[in-house]
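**Q** For reference, the file query06.pdb (PDB, C-alpha atoms) is included below:
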MODEL        1
ATOM      1  CA  MET C   1     -25.239  -0.854  10.913
ATOM      2  CA  CYS C   2     -22.178   0.021  12.938
ATOM      3  CA  THR C   3     -22.383   0.396  16.707
ATOM      4  CA  ILE C   4     -20.055   2.345  18.950
ATOM      5  CA  GLN C   5     -18.127   0.112  21.348
ATOM      6  CA  GLU C   6     -18.429   0.835  25.026
ATOM      7  CA  PRO C   7     -15.199   0.374  26.975
ATOM      8  CA  GLY C   8     -14.844  -3.226  28.167
ATOM      9  CA  LYS C   9     -17.807  -4.570  26.221
ATOM     10  CA  ASN C  10     -17.906  -6.714  23.093
ATOM     11  CA  VAL C  11     -14.194  -6.434  22.482
ATOM     12  CA  THR C  12     -12.425  -8.964  20.285
ATOM     13  CA  TYR C  13      -8.750  -9.637  19.843
ATOM     14  CA  PHE C  14      -6.502 -10.080  16.851
ATOM     15  CA  GLU C  15      -5.100 -13.592  16.420
ATOM     16  CA  GLY C  16      -2.223 -12.614  14.141
ATOM     17  CA  VAL C  17      -1.466 -11.677  10.602
ATOM     18  CA  SER C  18      -0.643 -13.815   7.583
ATOM     19  CA  PRO C  19       0.180 -11.721   4.511
ATOM     20  CA  ILE C  20      -0.817 -13.192   1.153
ATOM     21  CA  LEU C  21       1.952 -13.153  -1.455
ATOM     22  CA  PRO C  22       1.135 -13.764  -5.119
ATOM     23  CA  VAL C  23       3.317 -16.379  -6.823
ATOM     24  CA  ALA C  24       3.517 -17.647 -10.403
ATOM     25  CA  ASP C  25       4.214 -21.301  -9.547
ATOM     26  CA  LEU C  26       2.974 -22.495  -6.169
ATOM     27  CA  LYS C  27       5.004 -25.741  -6.148
ATOM     28  CA  GLU C  28       8.285 -23.943  -6.908
ATOM     29  CA  SER C  29       7.541 -21.233  -4.346
ATOM     30  CA  ILE C  30       6.838 -23.830  -1.665
ATOM     31  CA  LYS C  31      10.200 -25.461  -2.455
ATOM     32  CA  TYR C  32      12.000 -22.114  -2.166
ATOM     33  CA  TYR C  33      10.301 -21.136   1.089
ATOM     34  CA  THR C  34      10.853 -24.535   2.713
ATOM     35  CA  ARG C  35      14.256 -25.600   1.358
ATOM     36  CA  VAL C  36      15.999 -22.228   1.140
ATOM     37  CA  LEU C  37      14.241 -19.900   3.586
ATOM     38  CA  GLY C  38      13.609 -22.528   6.265
ATOM     39  CA  PHE C  39       9.824 -22.246   6.473
ATOM     40  CA  LYS C  40       7.610 -25.300   6.980
ATOM     41  CA  LEU C  41       4.563 -26.085   4.894
ATOM     42  CA  ASN C  42       1.426 -25.880   7.052
ATOM     43  CA  TRP C  43      -1.130 -26.724   4.395
ATOM     44  CA  GLU C  44      -1.624 -26.619   0.649
ATOM     45  CA  THR C  45      -4.468 -26.577  -1.872
ATOM     46  CA  PRO C  46      -4.036 -26.599  -5.668
ATOM     47  CA  VAL C  47      -3.537 -22.791  -5.778
ATOM     48  CA  PHE C  48      -2.989 -21.677  -2.181
ATOM     49  CA  ALA C  49      -0.620 -22.599   0.657
ATOM     50  CA  GLN C  50       0.545 -21.423   4.055
ATOM     51  CA  VAL C  51       4.155 -21.589   5.222
ATOM     52  CA  SER C  52       5.536 -20.615   8.608
ATOM     53  CA  ARG C  53       8.724 -20.221  10.569
ATOM     54  CA  GLY C  54       8.435 -19.579  14.273
ATOM     55  CA  ARG C  55       5.459 -17.288  14.846
ATOM     56  CA  CYS C  56       5.624 -15.910  11.302
ATOM     57  CA  SER C  57       3.238 -17.273   8.705
ATOM     58  CA  LEU C  58       2.783 -16.342   5.063
ATOM     59  CA  MET C  59       0.205 -17.407   2.533
ATOM     60  CA  LEU C  60       1.197 -18.045  -1.062
ATOM     61  CA  SER C  61      -1.428 -17.623  -3.756
ATOM     62  CA  GLU C  62      -0.859 -18.802  -7.319
ATOM     63  CA  ARG C  63      -1.726 -16.054  -9.813
ATOM     64  CA  ASP C  64      -4.257 -14.368  -7.554
ATOM     65  CA  GLN C  65      -4.682 -12.024  -4.595
ATOM     66  CA  GLY C  66      -2.258  -9.177  -4.564
ATOM     67  CA  HIS C  67       0.482  -7.783  -6.721
ATOM     68  CA  ARG C  68       3.953  -9.074  -7.457
ATOM     69  CA  GLY C  69       6.633  -7.222  -5.584
ATOM     70  CA  THR C  70       4.792  -7.072  -2.261
ATOM     71  CA  TRP C  71       6.973  -6.199   0.743
ATOM     72  CA  VAL C  72       6.573  -7.800   4.174
ATOM     73  CA  TRP C  73       8.374  -6.937   7.437
ATOM     74  CA  ILE C  74       9.426  -9.939   9.553
ATOM     75  CA  GLY C  75      11.056  -9.438  12.934
ATOM     76  CA  VAL C  76      13.773 -12.021  13.646
ATOM     77  CA  GLY C  77      16.029 -12.763  16.601
ATOM     78  CA  ASP C  78      19.374 -12.303  14.793
ATOM     79  CA  ALA C  79      19.475 -10.924  11.238
ATOM     80  CA  GLU C  80      23.216 -11.535  10.957
ATOM     81  CA  LEU C  81      22.899 -15.232  11.798
ATOM     82  CA  LEU C  82      19.952 -15.570   9.413
ATOM     83  CA  PHE C  83      22.001 -13.870   6.673
ATOM     84  CA  GLU C  84      24.736 -16.500   7.086
ATOM     85  CA  GLU C  85      22.135 -19.284   6.883
ATOM     86  CA  TYR C  86      20.594 -17.782   3.757
ATOM     87  CA  CYS C  87      23.956 -17.230   2.048
ATOM     88  CA  ALA C  88      24.815 -20.899   2.617
ATOM     89  CA  LYS C  89      21.493 -21.900   1.034
ATOM     90  CA  ARG C  90      21.874 -19.428  -1.847
ATOM     91  CA  ALA C  91      18.816 -17.365  -0.977
ATOM     92  CA  ARG C  92      18.129 -14.328  -3.101
ATOM     93  CA  ILE C  93      19.646 -11.602  -0.946
ATOM     94  CA  ARG C  94      18.464  -8.262  -2.266
ATOM     95  CA  HIS C  95      20.283  -6.176   0.356
ATOM     96  CA  PRO C  96      22.609  -7.513   3.078
ATOM     97  CA  PRO C  97      22.035  -6.789   6.770
ATOM     98  CA  THR C  98      22.409  -3.068   7.375
ATOM     99  CA  ASN C  99      22.025  -0.975  10.496
ATOM    100  CA  TYR C 100      19.138   1.512  10.519
ATOM    101  CA  PRO C 101      17.492   3.550  13.283
ATOM    102  CA  TRP C 102      14.596   1.061  13.390
ATOM    103  CA  ALA C 103      16.445  -2.291  13.018
ATOM    104  CA  TYR C 104      19.415  -4.262  11.752
ATOM    105  CA  GLU C 105      17.697  -5.394   8.585
ATOM    106  CA  MET C 106      18.203  -7.256   5.322
ATOM    107  CA  GLN C 107      16.043  -7.722   2.250
ATOM    108  CA  VAL C 108      15.413 -11.174   0.762
ATOM    109  CA  SER C 109      13.506 -11.750  -2.484
ATOM    110  CA  ASP C 110      11.398 -14.764  -3.319
ATOM    111  CA  LEU C 111      11.057 -16.268  -6.804
ATOM    112  CA  ASP C 112       8.416 -13.697  -7.755
ATOM    113  CA  GLY C 113      10.110 -10.522  -6.556
ATOM    114  CA  ASN C 114       8.205 -10.276  -3.283
ATOM    115  CA  VAL C 115      10.546  -8.792  -0.681
ATOM    116  CA  LEU C 116      10.899 -10.035   2.884
ATOM    117  CA  ARG C 117      12.405  -7.322   5.081
ATOM    118  CA  MET C 118      13.901  -9.311   7.946
ATOM    119  CA  GLY C 119      15.318  -7.437  10.888
ATOM    120  CA  SER C 120      16.503  -7.709  14.466
ATOM    121  CA  GLU C 121      17.347  -5.011  17.013
ATOM    122  CA  ALA C 122      19.422  -2.117  15.661
ATOM    123  CA  LYS C 123      23.114  -2.279  16.566
ATOM    124  CA  THR C 124      24.180   0.332  19.097
ATOM    125  CA  ASN C 125      27.240   2.490  18.461
ATOM    126  CA  GLU C 126      27.327   1.552  14.770
ATOM    127  CA  PRO C 127      26.591   3.930  11.898
ATOM    128  CA  PHE C 128      23.467   3.617   9.830
ATOM    129  CA  GLY C 129      23.877   2.294   6.323
ATOM    130  CA  PRO C 130      22.225   2.949   2.978
ATOM    131  CA  TRP C 131      18.621   1.960   2.290
ATOM    132  CA  LEU C 132      17.690   0.118  -0.929
ATOM    133  CA  ASP C 133      14.251   1.102  -2.194
ATOM    134  CA  MET C 134      11.815  -0.886  -4.341
ATOM    135  CA  ASN C 135      13.462   0.354  -7.536
ATOM    136  CA  GLY C 136      16.960  -0.679  -6.439
ATOM    137  CA  ILE C 137      17.986   2.910  -5.693
ATOM    138  CA  SER C 138      20.263   3.457  -2.710
ATOM    139  CA  TRP C 139      19.393   6.177  -0.157
ATOM    140  CA  THR C 140      21.534   7.537   2.684
ATOM    141  CA  GLN C 141      20.476   9.217   5.886
ATOM    142  CA  THR C 142      21.134  12.928   6.270
ATOM    143  CA  ALA C 143      22.372  14.652   9.416
ATOM    144  CA  ASP C 144      18.829  15.826  10.217
ATOM    145  CA  GLY C 145      17.450  12.251  10.055
ATOM    146  CA  GLY C 146      15.948  12.490   6.579
ATOM    147  CA  TRP C 147      16.866  10.374   3.580
ATOM    148  CA  VAL C 148      18.359  11.383   0.223
ATOM    149  CA  ARG C 149      19.327   9.413  -2.877
ATOM    150  CA  ALA C 150      22.923   8.262  -2.507
ATOM    151  CA  GLU C 151      24.039   9.897  -5.773
ATOM    152  CA  ALA C 152      22.493  13.215  -4.647
ATOM    153  CA  ALA C 153      24.332  12.967  -1.320
ATOM    154  CA  LYS C 154      27.664  12.574  -3.164
ATOM    155  CA  SER C 155      27.115  15.763  -5.188
ATOM    156  CA  THR C 156      26.461  17.979  -2.152
TER     157      THR C 156
ENDMDL
END
Can I see the file as structure tokens?
**A**
Amino acid sequence: MCTIQEPGKNVTYFEGVSPILPVADLKESIKYYTRVLGFKLNWETPVFAQVSRGRCSLMLSERDQGHRGTWVWIGVGDAELLFEEYCAKRARIRHPPTNYPWAYEMQVSDLDGNVLRMGSEAKTNEPFGPWLDMNGISWTQTADGGWVRAEAAKST
């Protein structure tokens, strides 16, 4: 039975979120997240682990819970600085830092094709760049704020 909450009574809070990403090989994924992406290993079981960096935590699940290619947004202090760190460590950069109305954001892939969208504050007085969707198709913003496939924008 569900009860209606009265204002100020029986209210709980959310502690945080820890997305679960499916991985094919937990040991290899832990190595990638810790050695390349700079996360620390919080705990590990034979088929499940949690990694974190700052206040961000992710769970990795070997061959269970979710679908490959999951996308996760992670707010960061400086996407450009993080990009330099990840390039030096040979991270799988799917899309370099790009300015958008919502953030200055890059896309990083893990070993299983899960995508970490990592972004900091949008850059002021800089144009917005193309967006790379889940299929690898580039989109550009239109004058009215919408989005159109880049090849369609070239033909108009």
**Q** Neighbouring residues of C:Trp131 were defined as those with any atom within 7 Å, considering all atoms listed in the file; residues of the same chain fewer than 5 positions away were excluded. Please report them as a ChimeraX atom specification.
**A** /C:138-140
**Q** Quick check, in Å to one decimal: how far apart do atom CA of C:Ala88 and atom CA of C:Asn125 lie?
**A** 28.4 Å
**Q** Report as a list in words the full result of the PyMOL selection byres ((chain C and resi 65) around 8) when it is applied to this structure.
**A**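 After applying the PyMOL selection byres ((chain C and resi 65) around 8), what remains is Ile20, Leu21, Pro22, Ser61, Arg63, Asp64, Gly66 and His67 of chain C.
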**Q** What does the PyMOL selection byres ((chain C and resi 110) around 8) select in this file, as a list in words?
**A** Ser29, Tyr32, Tyr33, Arg92, Val108, Ser109, Leu111, Asp112, Gly113, Asn114, Val115 and Leu116 of chain C
**Q** What does the distance between atom CA of C:Leu58 and atom CA of C:Gly129 come to in Å, to one decimal place?
**A** 28.2 Å
**Q** Just give me the gap between atom CA of C:Ile74 and atom CA of C:His95 in Å, one decimal is fine.
**A**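 Going from atom CA of C:Ile74 over to atom CA of C:His95, I get 14.7 Å.
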**Q** So, with all atoms listed in the file as the atoms that count, which of C:Pro101, C:Tyr13, C:Gln107, C:Lys27 lies closest to C:Trp147?
**A**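 For C:Trp147, the nearest of the candidates is C:Pro101.
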**Q** Could you tell me, as an mmCIF file with C-alpha atoms, keeping the file's coordinate frame, exactly which residues end up selected when the PyMOL selection byres ((chain C and resi 128) around 10) is applied to this structure?
**A**
data_model
loop_
_atom_site.group_PDB
_atom_site.id
_atom_site.type_symbol
_atom_site.label_atom_id
_atom_site.label_comp_id
_atom_site.auth_asym_id
_atom_site.auth_seq_id
_atom_site.Cartn_x
_atom_site.Cartn_y
_atom_site.Cartn_z
ATOM 1 C CA THR C 98 22.409 -3.068 7.375
ATOM 2 C CA ASN C 99 22.025 -0.975 10.496
ATOM 3 C CA TYR C 100 19.138 1.512 10.519
ATOM 4 C CA PRO C 101 17.492 3.550 13.283
ATOM 5 C CA TRP C 102 14.596 1.061 13.390
ATOM 6 C CA ALA C 103 16.445 -2.291 13.018
ATOM 7 C CA TYR C 104 19.415 -4.262 11.752
ATOM 8 C CA ALA C 122 19.422 -2.117 15.661
ATOM 9 C CA LYS C 123 23.114 -2.279 16.566
ATOM 10 C CA THR C 124 24.180 0.332 19.097
ATOM 11 C CA ASN C 125 27.240 2.490 18.461
ATOM 12 C CA GLU C 126 27.327 1.552 14.770
ATOM 13 C CA PRO C 127 26.591 3.930 11.898
ATOM 14 C CA GLY C 129 23.877 2.294 6.323
ATOM 15 C CA PRO C 130 22.225 2.949 2.978
ATOM 16 C CA TRP C 131 18.621 1.960 2.290
ATOM 17 C CA THR C 140 21.534 7.537 2.684
ATOM 18 C CA GLN C 141 20.476 9.217 5.886
#
**Q** Could you put an axis-aligned box around every listed atom of stretch 99-106 of chain C, padded by 6 Å on each side, and send me its centre and edge lengths in Å to one decimal, as lines of an AutoDock Vina configuration file?
**A**
center_x = 18.3
center_y = -1.9
center_z = 9.4
size_x = 19.4
size_y = 22.8
size_z = 20.1
**Q** Using all atoms listed in the file, which of C:Gly54, C:Gly146, C:Gly69, C:Gly119 sits nearest C:Leu81?
**A**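 Among the listed residues, the smallest separation from C:Leu81 belongs to C:Gly119.
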**Q** Using only C-alpha atoms, which of the listed residues (C:Val76, C:Val51, C:Val23, C:Leu132) sits closest to C:Ser120?
**A**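 When distances to C:Ser120 are compared using only C-alpha atoms, the smallest one comes from C:Val76.
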**Q** Using only C-alpha atoms for the distances, tell me which of C:Met118, C:Arg68, C:Ala49, C:Ser57 is nearest to C:Phe83.
**A** C:Met118
